[in-house]
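Pasting work-v8.tsv here (TSV, C-alpha atoms):
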chain	number	residue	atom	x	y	z
Y	13	MET	CA	16.69	22.11	-102.08
Y	14	LYS	CA	18.88	24.48	-100.10
Y	15	SER	CA	16.03	25.23	-97.68
Y	16	PHE	CA	15.01	21.58	-97.34
Y	17	PRO	CA	17.23	20.75	-94.28
Y	18	PHE	CA	16.13	23.97	-92.55
Y	19	TYR	CA	12.43	23.23	-93.21
Y	20	ILE	CA	12.69	19.72	-91.79
Y	21	ALA	CA	14.72	20.98	-88.77
Y	22	LYS	CA	12.06	23.57	-88.03
Y	23	ARG	CA	9.36	20.91	-88.21
Y	24	TYR	CA	11.32	18.64	-85.86
Y	25	LEU	CA	11.86	21.46	-83.38
Y	26	PHE	CA	8.25	22.56	-83.05
Y	27	ALA	CA	6.41	19.31	-83.78
Y	28	LYS	CA	5.52	16.91	-81.00
Y	29	LYS	CA	7.95	13.99	-80.68
Y	30	SER	CA	7.01	10.40	-80.08
Y	31	THR	CA	8.93	10.53	-76.84
Y	32	ASN	CA	7.73	13.42	-74.63
Y	33	ALA	CA	11.10	13.63	-72.85
Y	34	ILE	CA	12.66	14.98	-76.05
Y	35	ASN	CA	10.25	17.95	-76.01
Y	36	VAL	CA	11.12	18.60	-72.37
Y	37	ILE	CA	14.87	18.42	-72.97
Y	38	SER	CA	14.57	20.70	-76.00
Y	39	ALA	CA	12.67	23.24	-73.90
Y	40	VAL	CA	15.26	22.94	-71.14
Y	41	SER	CA	18.01	23.54	-73.72
Y	42	VAL	CA	16.34	26.73	-74.92
Y	43	VAL	CA	15.80	27.91	-71.34
Y	44	GLY	CA	19.41	27.13	-70.39
Y	45	VAL	CA	20.79	29.14	-73.30
Y	46	ALA	CA	18.32	31.96	-72.63
Y	47	VAL	CA	19.24	32.20	-68.94
Y	48	ALA	CA	22.98	32.26	-69.69
Y	49	THR	CA	22.39	34.90	-72.38
Y	50	MET	CA	20.27	36.97	-70.00
Y	51	ALA	CA	23.03	36.77	-67.37
Y	52	LEU	CA	25.58	38.03	-69.90
Y	53	VAL	CA	23.41	41.00	-70.90
Y	54	VAL	CA	22.55	41.98	-67.32
Y	55	THR	CA	26.07	41.55	-65.93
Y	56	LEU	CA	27.76	43.52	-68.69
Y	57	SER	CA	25.11	46.25	-68.35
Y	58	VAL	CA	25.76	46.50	-64.59
Y	59	PHE	CA	29.48	46.92	-65.25
Y	60	ASN	CA	28.61	49.61	-67.80
Y	61	GLY	CA	26.42	51.28	-65.19
Y	62	PHE	CA	29.24	51.49	-62.67
Y	63	HIS	CA	31.62	52.65	-65.42
Y	64	ASP	CA	29.29	55.47	-66.51
Y	65	MET	CA	28.54	56.44	-62.92
Y	66	VAL	CA	32.24	56.73	-62.04
Y	67	ALA	CA	32.80	58.75	-65.21
Y	68	THR	CA	30.20	61.30	-64.07
Y	69	PHE	CA	32.03	61.70	-60.76
Y	70	PHE	CA	35.28	62.55	-62.48
Y	71	THR	CA	33.64	65.26	-64.58
Y	72	ALA	CA	33.24	67.38	-61.43
Y	73	LEU	CA	36.99	67.97	-61.07
Y	74	ASP	CA	38.64	66.59	-64.21
Y	75	PRO	CA	38.83	68.86	-67.27
Y	76	GLN	CA	37.69	67.75	-70.70
Y	77	LEU	CA	41.29	67.80	-71.92
Y	78	LYS	CA	44.54	68.00	-70.02
Y	79	VAL	CA	47.91	68.84	-71.59
Y	80	VAL	CA	50.89	67.57	-69.57
Y	81	PRO	CA	54.65	67.45	-70.24
Y	82	THR	CA	55.96	64.26	-71.79
Y	83	THR	CA	59.07	64.36	-69.62
Y	84	GLY	CA	59.39	65.84	-66.15
Y	85	LYS	CA	56.70	67.19	-63.84
Y	86	THR	CA	56.45	70.75	-65.13
Y	87	ALA	CA	56.91	72.94	-68.19
Y	88	LYS	CA	57.22	76.67	-68.79
Y	89	ALA	CA	53.84	78.36	-68.63
Y	90	ASP	CA	54.76	80.64	-71.55
Y	91	ASP	CA	55.79	77.78	-73.84
Y	92	PRO	CA	54.81	78.70	-77.46
Y	93	VAL	CA	53.00	75.39	-77.90
Y	94	LEU	CA	50.79	76.07	-74.89
Y	95	GLN	CA	50.13	79.59	-76.13
Y	96	SER	CA	48.98	78.17	-79.48
Y	97	ILE	CA	46.64	75.75	-77.71
Y	98	ARG	CA	45.08	78.57	-75.68
Y	99	GLN	CA	44.30	80.45	-78.91
Y	100	LEU	CA	42.45	77.60	-80.61
Y	101	PRO	CA	38.91	78.74	-81.53
Y	102	GLN	CA	37.33	75.66	-79.91
Y	103	VAL	CA	38.90	76.36	-76.48
Y	104	ASP	CA	36.49	78.11	-74.12
Y	105	VAL	CA	38.45	77.98	-70.84
Y	106	ALA	CA	42.17	77.29	-70.30
Y	107	THR	CA	43.42	76.92	-66.72
Y	108	GLU	CA	47.01	76.55	-65.53
Y	109	SER	CA	47.66	74.06	-62.76
Y	110	VAL	CA	50.60	73.19	-60.49
Y	111	GLU	CA	50.19	69.93	-58.60
Y	112	ASP	CA	52.47	68.09	-56.16
Y	113	HIS	CA	52.56	66.31	-52.80
Y	114	ALA	CA	52.86	68.07	-49.44
Y	115	LEU	CA	52.22	67.66	-45.72
Y	116	ALA	CA	49.17	69.35	-44.16
Y	117	ILE	CA	49.02	70.03	-40.41
Y	118	TYR	CA	46.07	71.42	-38.47
Y	119	ASN	CA	45.70	71.44	-34.67
Y	120	GLY	CA	48.29	68.74	-34.23
Y	121	ARG	CA	46.79	66.44	-36.86
Y	122	GLN	CA	48.63	65.80	-40.09
Y	123	ALA	CA	48.07	64.13	-43.45
Y	124	MET	CA	49.91	63.68	-46.72
Y	125	VAL	CA	48.01	65.60	-49.38
Y	126	THR	CA	48.14	66.66	-53.01
Y	127	VAL	CA	48.04	70.43	-53.38
Y	128	LYS	CA	46.46	71.43	-56.67
Y	129	GLY	CA	47.13	75.07	-57.44
Y	130	VAL	CA	44.75	76.46	-60.06
Y	131	SER	CA	44.00	79.71	-61.86
Y	132	ASP	CA	41.11	81.98	-60.93
Y	133	ASN	CA	38.88	80.53	-63.67
Y	134	PHE	CA	38.94	76.99	-62.22
Y	135	ALA	CA	35.23	77.16	-61.33
Y	136	GLU	CA	34.47	77.89	-64.99
Y	137	LEU	CA	36.59	74.91	-66.08
Y	138	THR	CA	34.95	72.29	-63.85
Y	139	HIS	CA	31.72	71.65	-61.94
Y	140	ILE	CA	33.26	72.06	-58.51
Y	141	THR	CA	30.50	74.41	-57.37
Y	142	ASP	CA	28.05	71.49	-57.76
Y	143	ILE	CA	29.87	69.33	-55.20
Y	144	LEU	CA	30.50	71.84	-52.41
Y	145	TYR	CA	29.15	71.48	-48.87
Y	146	GLY	CA	29.19	74.16	-46.18
Y	147	ASP	CA	28.01	77.69	-45.49
Y	148	GLY	CA	30.70	79.48	-47.51
Y	149	LYS	CA	31.49	79.60	-51.22
Y	150	PHE	CA	34.33	78.50	-53.42
Y	151	SER	CA	37.13	81.05	-53.46
Y	152	LEU	CA	40.86	80.97	-54.13
Y	153	GLU	CA	42.11	84.27	-52.78
Y	154	ALA	CA	41.00	87.70	-51.65
Y	155	ALA	CA	43.45	90.52	-51.04
Y	156	ASN	CA	46.37	88.84	-49.23
Y	157	LEU	CA	44.33	85.86	-48.05
Y	158	GLN	CA	44.74	82.48	-49.70
Y	159	TYR	CA	41.97	79.90	-49.39
Y	160	GLY	CA	42.24	76.12	-49.50
Y	161	THR	CA	39.24	73.95	-50.38
Y	162	ILE	CA	39.75	70.40	-49.13
Y	163	GLY	CA	38.03	67.06	-49.72
Y	164	ILE	CA	35.36	65.94	-47.28
Y	165	ARG	CA	37.30	62.86	-46.11
Y	166	LEU	CA	40.43	64.92	-45.56
Y	167	ALA	CA	38.35	67.32	-43.46
Y	168	GLU	CA	37.29	64.37	-41.29
Y	169	GLU	CA	40.87	63.15	-40.95
Y	170	LEU	CA	42.18	66.55	-39.91
Y	171	GLY	CA	39.12	67.40	-37.82
Y	172	THR	CA	38.44	70.69	-39.59
Y	173	GLY	CA	34.77	70.40	-40.51
Y	174	SER	CA	33.58	72.49	-43.45
Y	175	ARG	CA	35.14	75.61	-41.88
Y	176	TRP	CA	38.25	75.66	-39.75
Y	177	ASP	CA	39.56	78.45	-37.52
Y	178	GLY	CA	42.96	79.95	-38.07
Y	179	PHE	CA	45.53	78.54	-40.48
Y	180	MET	CA	46.24	75.14	-41.96
Y	181	HIS	CA	49.99	74.80	-42.38
Y	182	ILE	CA	51.34	73.16	-45.53
Y	183	TYR	CA	54.93	71.89	-45.83
Y	184	ALA	CA	56.84	70.83	-48.92
Y	185	PRO	CA	60.56	69.97	-49.29
Y	186	LYS	CA	62.76	72.57	-50.92
Y	187	ARG	CA	63.73	71.75	-54.49
Y	188	GLU	CA	67.37	72.67	-53.97
Y	189	GLY	CA	69.86	71.79	-51.27
Y	190	GLN	CA	70.18	68.83	-48.95
Y	191	LEU	CA	68.13	67.81	-45.93
Y	192	ASP	CA	69.73	69.04	-42.72
Y	193	MET	CA	68.70	66.57	-40.03
Y	194	SER	CA	69.98	68.88	-37.30
Y	195	ASN	CA	67.44	71.48	-38.41
Y	196	PRO	CA	64.91	69.76	-40.68
Y	197	THR	CA	62.50	72.71	-40.74
Y	198	GLU	CA	65.05	74.65	-42.79
Y	199	SER	CA	64.74	72.03	-45.53
Y	200	PHE	CA	61.02	72.63	-46.01
Y	201	VAL	CA	58.97	75.45	-47.44
Y	202	GLU	CA	56.07	76.37	-45.16
Y	203	ASP	CA	52.95	78.25	-46.10
Y	204	SER	CA	49.40	78.39	-44.80
Y	205	LEU	CA	45.81	78.47	-46.00
Y	206	ILE	CA	42.54	79.60	-44.49
Y	207	SER	CA	39.11	78.06	-44.96
Y	208	PRO	CA	36.54	79.38	-47.49
Y	209	GLY	CA	33.82	77.66	-45.43
Y	210	VAL	CA	33.20	74.77	-47.83
Y	211	VAL	CA	34.55	71.32	-48.61
Y	212	PHE	CA	34.03	69.28	-51.78
Y	213	ALA	CA	32.75	65.72	-52.15
Y	214	ALA	CA	33.68	64.18	-55.49
Y	215	HIS	CA	32.76	60.67	-54.24
Y	216	GLN	CA	36.23	59.48	-55.21
Y	217	SER	CA	38.72	58.59	-52.50
Y	218	LYS	CA	41.61	59.96	-54.52
Y	219	TYR	CA	40.14	63.45	-54.34
Y	220	ASP	CA	38.04	63.45	-51.19
Y	221	ARG	CA	40.77	62.03	-48.97
Y	222	GLY	CA	43.86	63.72	-50.33
Y	223	PHE	CA	43.30	66.89	-52.38
Y	224	ILE	CA	43.53	70.57	-51.48
Y	225	ILE	CA	42.56	73.09	-54.15
Y	226	ALA	CA	44.49	76.32	-53.69
Y	227	PRO	CA	45.60	79.37	-55.71
Y	228	ILE	CA	48.26	78.62	-58.30
Y	229	SER	CA	50.46	81.35	-56.80
Y	230	PHE	CA	50.40	79.46	-53.49
Y	231	ALA	CA	51.39	76.18	-55.16
Y	232	ARG	CA	54.16	77.80	-57.19
Y	233	ASN	CA	55.66	79.38	-54.10
Y	234	LEU	CA	55.31	76.16	-52.07
Y	235	PHE	CA	56.90	73.90	-54.68
Y	236	GLY	CA	59.38	76.38	-56.14
Y	237	GLN	CA	57.73	76.36	-59.56
Y	238	GLU	CA	57.59	80.06	-60.41
Y	239	GLY	CA	56.70	80.50	-64.08
Y	240	ASN	CA	55.96	76.79	-64.50
Y	241	LEU	CA	52.86	74.61	-64.69
Y	242	SER	CA	52.13	70.93	-64.24
Y	243	SER	CA	49.30	70.93	-66.76
Y	244	LEU	CA	47.17	73.12	-68.96
Y	245	GLU	CA	43.54	72.13	-68.45
Y	246	LEU	CA	40.93	72.88	-71.11
Y	247	ARG	CA	37.20	73.16	-71.48
Y	248	LEU	CA	35.88	73.30	-75.02
Y	249	LYS	CA	33.06	75.41	-76.39
Y	250	ALA	CA	29.66	73.77	-76.60
Y	251	GLY	CA	29.24	71.71	-79.75
Y	252	SER	CA	32.97	71.15	-80.29
Y	253	ASP	CA	34.08	67.72	-81.47
Y	254	LEU	CA	36.25	66.49	-78.59
Y	255	ASP	CA	38.07	63.85	-80.62
Y	256	ALA	CA	38.80	66.23	-83.48
Y	257	VAL	CA	40.08	68.96	-81.14
Y	258	LYS	CA	42.20	66.43	-79.27
Y	259	LYS	CA	43.72	65.31	-82.56
Y	260	ASP	CA	44.51	68.91	-83.54
Y	261	ILE	CA	46.13	69.61	-80.17
Y	262	LYS	CA	48.25	66.46	-80.47
Y	263	LYS	CA	49.59	67.76	-83.78
Y	264	LEU	CA	50.54	71.03	-82.10
Y	265	CYS	CA	52.19	69.25	-79.17
Y	266	GLY	CA	54.26	66.75	-81.10
Y	267	ASP	CA	56.45	64.77	-78.70
Y	268	LYS	CA	56.71	67.61	-76.19
Y	269	PHE	CA	53.32	67.24	-74.49
Y	270	ARG	CA	50.66	64.57	-74.02
Y	271	VAL	CA	46.95	65.28	-74.43
Y	272	LEU	CA	44.65	63.37	-72.06
Y	273	ASP	CA	40.87	63.13	-72.11
Y	274	ARG	CA	38.91	62.30	-68.93
Y	275	PHE	CA	39.26	58.54	-69.39
Y	276	GLU	CA	43.02	58.81	-69.95
Y	277	GLN	CA	43.39	61.04	-66.90
Y	278	GLN	CA	41.92	58.18	-64.83
Y	279	GLU	CA	43.41	55.40	-66.93
Y	280	ASP	CA	44.17	53.06	-64.02
Y	281	THR	CA	40.63	53.19	-62.65
Y	282	PHE	CA	38.90	52.57	-65.96
Y	283	LYS	CA	41.41	49.91	-67.04
Y	284	ILE	CA	40.68	47.93	-63.87
Y	285	MET	CA	36.95	48.20	-64.55
Y	286	GLN	CA	37.43	46.99	-68.13
Y	287	ILE	CA	39.47	44.01	-66.91
Y	288	GLU	CA	36.78	43.11	-64.38
Y	289	LYS	CA	34.15	43.31	-67.11
Y	290	LEU	CA	36.23	41.10	-69.41
Y	291	ILE	CA	36.73	38.48	-66.68
Y	292	ALA	CA	32.99	38.43	-65.96
Y	293	TYR	CA	32.31	37.98	-69.69
Y	294	ILE	CA	34.76	35.05	-69.88
Y	295	PHE	CA	33.30	33.28	-66.83
Y	296	LEU	CA	29.72	33.68	-68.06
Y	297	THR	CA	30.75	32.40	-71.49
Y	298	PHE	CA	32.00	29.22	-69.80
Y	299	ILE	CA	28.61	28.91	-68.10
Y	300	LEU	CA	27.00	29.35	-71.51
Y	301	MET	CA	29.15	26.50	-72.84
Y	302	VAL	CA	27.91	24.25	-70.04
Y	303	ALA	CA	24.31	25.22	-70.84
Y	304	SER	CA	24.95	24.29	-74.47
Y	305	PHE	CA	25.57	20.66	-73.45
Y	306	ASN	CA	21.80	20.39	-73.00
Y	307	ILE	CA	21.47	20.99	-76.72
Y	308	ILE	CA	23.75	18.02	-77.39
Y	309	GLY	CA	21.59	15.77	-75.22
Y	310	SER	CA	18.43	16.98	-76.93
Y	311	LEU	CA	19.84	16.38	-80.40
Y	312	SER	CA	21.21	12.96	-79.50
Y	313	MET	CA	17.78	11.79	-78.38
Y	314	LEU	CA	16.16	13.41	-81.41
Y	315	ILE	CA	18.51	11.60	-83.79
Y	316	ILE	CA	17.65	8.27	-82.18
Y	317	ASP	CA	13.93	9.11	-82.22
Y	318	LYS	CA	14.02	10.00	-85.93
Y	319	LYS	CA	15.92	6.91	-87.05
Y	320	ASN	CA	13.01	5.70	-89.19
Y	321	ASP	CA	12.46	9.19	-90.63
Y	322	VAL	CA	16.11	9.31	-91.69
Y	323	GLN	CA	15.69	6.10	-93.66
Y	324	THR	CA	12.55	7.48	-95.28
Y	325	LEU	CA	14.33	10.72	-96.25
Y	326	ARG	CA	17.16	8.73	-97.81
Y	327	ASN	CA	14.67	6.72	-99.84
Y	328	LEU	CA	13.12	9.99	-101.03
Y	329	GLY	CA	16.52	11.14	-102.32
Y	330	ALA	CA	17.96	13.16	-99.44
Y	331	SER	CA	21.74	13.00	-99.33
Y	332	ASP	CA	23.73	12.12	-96.21
Y	333	GLN	CA	24.98	15.70	-96.08
Y	334	GLN	CA	21.41	17.06	-96.11
Y	335	ILE	CA	20.38	14.71	-93.33
Y	336	THR	CA	23.33	15.84	-91.21
Y	337	ARG	CA	22.45	19.47	-91.87
Y	338	ILE	CA	18.90	18.86	-90.62
Y	339	PHE	CA	20.18	18.11	-87.14
Y	340	LEU	CA	22.79	20.87	-87.33
Y	341	PHE	CA	20.01	23.34	-88.11
Y	342	GLU	CA	18.03	21.91	-85.21
Y	343	GLY	CA	20.82	22.70	-82.75
Y	344	ARG	CA	21.44	26.10	-84.28
Y	345	LEU	CA	17.76	27.00	-84.05
Y	346	ILE	CA	17.79	26.12	-80.34
Y	347	ALA	CA	20.82	28.39	-79.85
Y	348	LEU	CA	19.23	31.19	-81.90
Y	349	ILE	CA	15.90	31.05	-80.05
Y	350	GLY	CA	17.71	30.94	-76.70
Y	351	ALA	CA	19.85	33.94	-77.71
Y	352	VAL	CA	16.85	36.04	-78.78
Y	353	LEU	CA	14.81	35.14	-75.69
Y	354	GLY	CA	17.80	35.71	-73.39
Y	355	ILE	CA	18.59	39.12	-74.86
Y	356	ALA	CA	14.92	40.15	-74.67
Y	357	LEU	CA	14.69	39.06	-71.02
Y	358	GLY	CA	18.02	40.70	-70.21
Y	359	LEU	CA	16.94	44.02	-71.74
Y	360	LEU	CA	13.63	43.80	-69.87
Y	361	LEU	CA	15.41	43.22	-66.54
Y	362	CYS	CA	17.78	46.11	-67.25
Y	363	TRP	CA	14.83	48.40	-67.98
Y	364	LEU	CA	13.06	47.33	-64.80
Y	365	GLN	CA	16.24	47.93	-62.79
Y	366	GLN	CA	16.68	51.38	-64.30
Y	367	ARG	CA	13.05	52.22	-63.75
Y	368	PHE	CA	12.36	50.74	-60.33
Y	369	GLY	CA	15.76	49.81	-58.82
Y	370	LEU	CA	14.64	46.26	-58.05
Y	371	VAL	CA	18.04	45.09	-56.76
Y	372	ALA	CA	19.36	47.34	-53.98
Y	373	LEU	CA	22.93	47.59	-52.73
Y	374	GLY	CA	22.28	45.63	-49.56
Y	375	GLU	CA	20.91	46.75	-46.19
Y	376	SER	CA	23.31	49.71	-46.02
Y	377	SER	CA	22.42	50.96	-49.48
Y	378	GLY	CA	21.56	54.41	-48.16
Y	379	GLN	CA	25.23	54.95	-47.39
Y	380	PHE	CA	26.19	54.73	-51.07
Y	381	VAL	CA	25.90	57.29	-53.84
Y	382	VAL	CA	23.14	55.20	-55.44
Y	383	ASN	CA	20.69	52.92	-53.65
Y	384	ALA	CA	20.38	50.30	-56.40
Y	385	TYR	CA	22.77	48.73	-58.86
Y	386	PRO	CA	23.28	51.12	-61.79
Y	387	VAL	CA	22.56	49.70	-65.24
Y	388	SER	CA	23.55	51.01	-68.65
Y	389	VAL	CA	22.86	49.00	-71.81
Y	390	HIS	CA	25.44	49.51	-74.55
Y	391	PRO	CA	24.26	48.32	-78.00
Y	392	TRP	CA	27.71	46.99	-78.87
Y	393	ASP	CA	27.62	44.71	-75.81
Y	394	VAL	CA	24.27	43.29	-76.94
Y	395	VAL	CA	25.75	42.56	-80.38
Y	396	VAL	CA	28.78	40.85	-78.81
Y	397	VAL	CA	26.55	38.74	-76.55
Y	398	PHE	CA	24.35	37.68	-79.46
Y	399	PHE	CA	27.24	36.52	-81.64
Y	400	THR	CA	28.93	34.88	-78.64
Y	401	VAL	CA	25.82	32.78	-77.94
Y	402	ILE	CA	25.42	31.87	-81.60
Y	403	ALA	CA	29.10	30.93	-81.94
Y	404	VAL	CA	29.14	28.84	-78.75
Y	405	GLY	CA	25.87	27.11	-79.61
Y	406	TRP	CA	26.84	26.31	-83.16
Y	407	LEU	CA	30.29	25.06	-82.24
Y	408	ALA	CA	28.87	22.96	-79.40
Y	409	VAL	CA	26.60	20.97	-81.74
Y	410	TRP	CA	28.88	20.67	-84.77
Y	411	TYR	CA	30.99	17.66	-83.80
Y	412	PRO	CA	28.36	15.69	-81.78
Y	413	VAL	CA	25.76	16.02	-84.54
Y	414	ARG	CA	28.17	14.93	-87.24
Y	415	TYR	CA	29.28	11.99	-85.10
Y	416	PHE	CA	25.80	10.75	-84.18
Y	417	ALA	CA	24.36	11.40	-87.63
Y	418	LYS	CA	27.19	9.47	-89.22
Y	419	ARG	CA	26.58	6.52	-86.89
Y	420	LEU	CA	22.86	6.66	-87.67
Y	421	ILE	CA	23.34	6.92	-91.44
Y	422	GLU	CA	25.76	3.98	-91.46
Could you write out this structure as structure tokens?
Amino acid sequence: MKSFPFYIAKRYLFAKKSTNAINVISAVSVVGVAVATMALVVTLSVFNGFHDMVATFFTALDPQLKVVPTTGKTAKADDPVLQSIRQLPQVDVATESVEDHALAIYNGRQAMVTVKGVSDNFAELTHITDILYGDGKFSLEAANLQYGTIGIRLAEELGTGSRWDGFMHIYAPKREGQLDMSNPTESFVEDSLISPGVVFAAHQSKYDRGFIIAPISFARNLFGQEGNLSSLELRLKAGSDLDAVKKDIKKLCGDKFRVLDRFEQQEDTFKIMQIEKLIAYIFLTFILMVASFNIIGSLSMLIIDKKNDVQTLRNLGASDQQITRIFLFEGRLIALIGAVLGIALGLLLCWLQQRFGLVALGESSGQFVVNAYPVSVHPWDVVVVFFTVIAVGWLAVWYPVRYFAKRLIE
């Protein structure tokens, strides 16, 4: 008898009703739920696509793991903890970095920049050689010459092109002493860089518009950080478990240092994207709730249409609870079918977008990194969408069905 209400509900759903409008409204209910479900799948997948795309941009300059001081800007480069981290068997490349703000001036143009001083093995740590443009090559220093590789937007702002002539002058305030307004130049450390003939394009404004990559000796002299570092940046050997290594390094660091993966290094950016995705999910769930009202209308008309059948079922021994469950199952089946169809259509649209790029980024799409909206389907999102649709659909029909069924039974 447990399957009796479900069997009758299934018959009611697929059998032709005496009033054709009920069939139409039932179909509209399924379509409404399916469209809202499809919108949830596609929208969340587009947000995932942008998230994954941005993450690939950061891999060009951000290390796999970054160890930074918990307090203050810098720490001693020969700190025993950092030495222990360098000697871990999973660490393939360890690069020291000194990073701070400065003023760059070239041919009368100036810009506030972030000077990132790095060790000679920086090209082994990151994929910077994959994002270089120009007729030179990435280099930090040769003999007494110190090179500065700048972002492509910074090159436009300063008017340098991929290769500039002469020196770019960099100024940073002295760490000790007070600013003498009568002779302000004495309060700044000045140094200069020459061009290696290339610029980098990380496709992130933070880097392309404001970063200069220079030798760590240059940065230490400029910022008065001899013997110090801002961070120890790590690349792990192939096949290493990032999470496990991160956990081991955290144990070594204790409260003295923080260990950041790529997502934590860009926490603000990815947190904003997650919030945007959450807001989109909430708004589309409200739309799904509105679509579920069609189910209520369909069930209300079905209950009225099956008034004689209800009396017959009662005469055959069906309890009031079983009769109520028939119409509850009816509404839940509509929600379930709509959820399955919507997810299937959503996955199909995502595949077509990935394959053919059906939806472009407007008329100026060629100016962007990608020409069409990026899409990435995450299985967990599909699971969340499915249970969201089921929960909303089932809750939407619970009270109305019980109310109308009770009125009909009485």
Quick one: residues within 8 Å of Leu264 in chain Y, only C-alpha atoms counted, chain neighbours fewer than 3 positions away excluded, as a list of chain:residue names?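 What passes the distance filter is Y:Val93, Y:Ser96, Y:Ile97, Y:Asp260, Y:Ile261.
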I'd like the contact shell of range 240-252 of chain Y - 7 Å cut-off, all atoms listed in the file, skipping same-chain residues fewer than 5 positions apart - returned as an MDAnalysis selection string. chainID Y and resid 75:80 85:89 102:111 137
Counting all atoms listed in the file, the option among Y:Tyr159, Y:Trp363, Y:Phe398, Y:Tyr145 closest to Leu205 in chain Y: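 Comparing Y:Tyr159, Y:Trp363, Y:Phe398, Y:Tyr145 against Leu205 in chain Y, the winner is Y:Tyr159.
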Which residue, Y:Val257, Y:Ile37, Y:Leu407, Y:Ile225, has the smallest gap to Leu100 in chain Y when you use only C-alpha atoms? Y:Val257
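The closest residue to Ser41 in chain Y, picked from Y:Asn133, Y:Val396, Y:Ile402, Y:Ile307 and counting all atoms listed in the file, is Y:Ile307.
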Quick one: residues within 10 Å of range 277-291 of chain Y, all atoms listed in the file counted, chain neighbours fewer than 4 positions away excluded, as a ChimeraX atom specification? /Y:55-60,62-63,66-67,70,74-78,271-273,295-297
So, with all atoms listed in the file as the atoms that count, which of Y:Arg414, Y:Gly148, Y:Asp177, Y:Gly309 lies closest to Gln334 in chain Y? Y:Arg414
Which value, in Å to one decimal, gives the distance between CA of Ser388 in chain Y and CA of Val45 in chain Y?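 CA of Val45 in chain Y lies at a distance of 22.5 Å from CA of Ser388 in chain Y.
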Measuring between all atoms listed in the file, which one of Y:Ile355, Y:Ala330, Y:Ala226, Y:Val322 shows the shortest distance to Thr400 in chain Y?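 Closest residue, counting all atoms listed in the file: Y:Ile355.
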For range 124-128 of chain Y, supply all heavy atoms and format the output as a short mmCIF file (atom, residue, chain, number, x, y, z; two decimals), keeping the file's coordinate frame.
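Final output, saved to part.cif:
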data_model
loop_
_atom_site.label_atom_id
_atom_site.label_comp_id
_atom_site.auth_asym_id
_atom_site.auth_seq_id
_atom_site.Cartn_x
_atom_site.Cartn_y
_atom_site.Cartn_z
N MET Y 124 49.27 63.46 -45.42
CA MET Y 124 49.91 63.68 -46.72
C MET Y 124 48.81 64.04 -47.72
O MET Y 124 47.79 63.36 -47.82
CB MET Y 124 50.65 62.43 -47.18
CG MET Y 124 51.88 62.11 -46.35
SD MET Y 124 53.11 63.46 -46.34
CE MET Y 124 53.47 63.64 -48.09
N VAL Y 125 49.04 65.10 -48.46
CA VAL Y 125 48.01 65.60 -49.38
C VAL Y 125 48.63 65.92 -50.73
O VAL Y 125 49.85 65.95 -50.90
CB VAL Y 125 47.35 66.88 -48.81
CG1 VAL Y 125 46.65 66.59 -47.50
CG2 VAL Y 125 48.38 68.01 -48.66
N THR Y 126 47.76 66.14 -51.69
CA THR Y 126 48.14 66.66 -53.01
C THR Y 126 47.59 68.07 -53.11
O THR Y 126 46.36 68.26 -53.04
CB THR Y 126 47.59 65.80 -54.14
OG1 THR Y 126 48.14 64.47 -54.04
CG2 THR Y 126 47.96 66.38 -55.49
N VAL Y 127 48.47 69.04 -53.21
CA VAL Y 127 48.04 70.43 -53.38
C VAL Y 127 47.91 70.70 -54.87
O VAL Y 127 48.86 70.52 -55.64
CB VAL Y 127 49.05 71.40 -52.74
CG1 VAL Y 127 48.63 72.85 -53.03
CG2 VAL Y 127 49.13 71.16 -51.24
N LYS Y 128 46.73 71.10 -55.27
CA LYS Y 128 46.46 71.43 -56.67
C LYS Y 128 46.24 72.93 -56.77
O LYS Y 128 45.18 73.43 -56.38
CB LYS Y 128 45.25 70.67 -57.19
CG LYS Y 128 44.93 70.91 -58.67
CD LYS Y 128 43.68 70.12 -59.07
CE LYS Y 128 43.33 70.35 -60.53
NZ LYS Y 128 44.29 69.75 -61.47
#
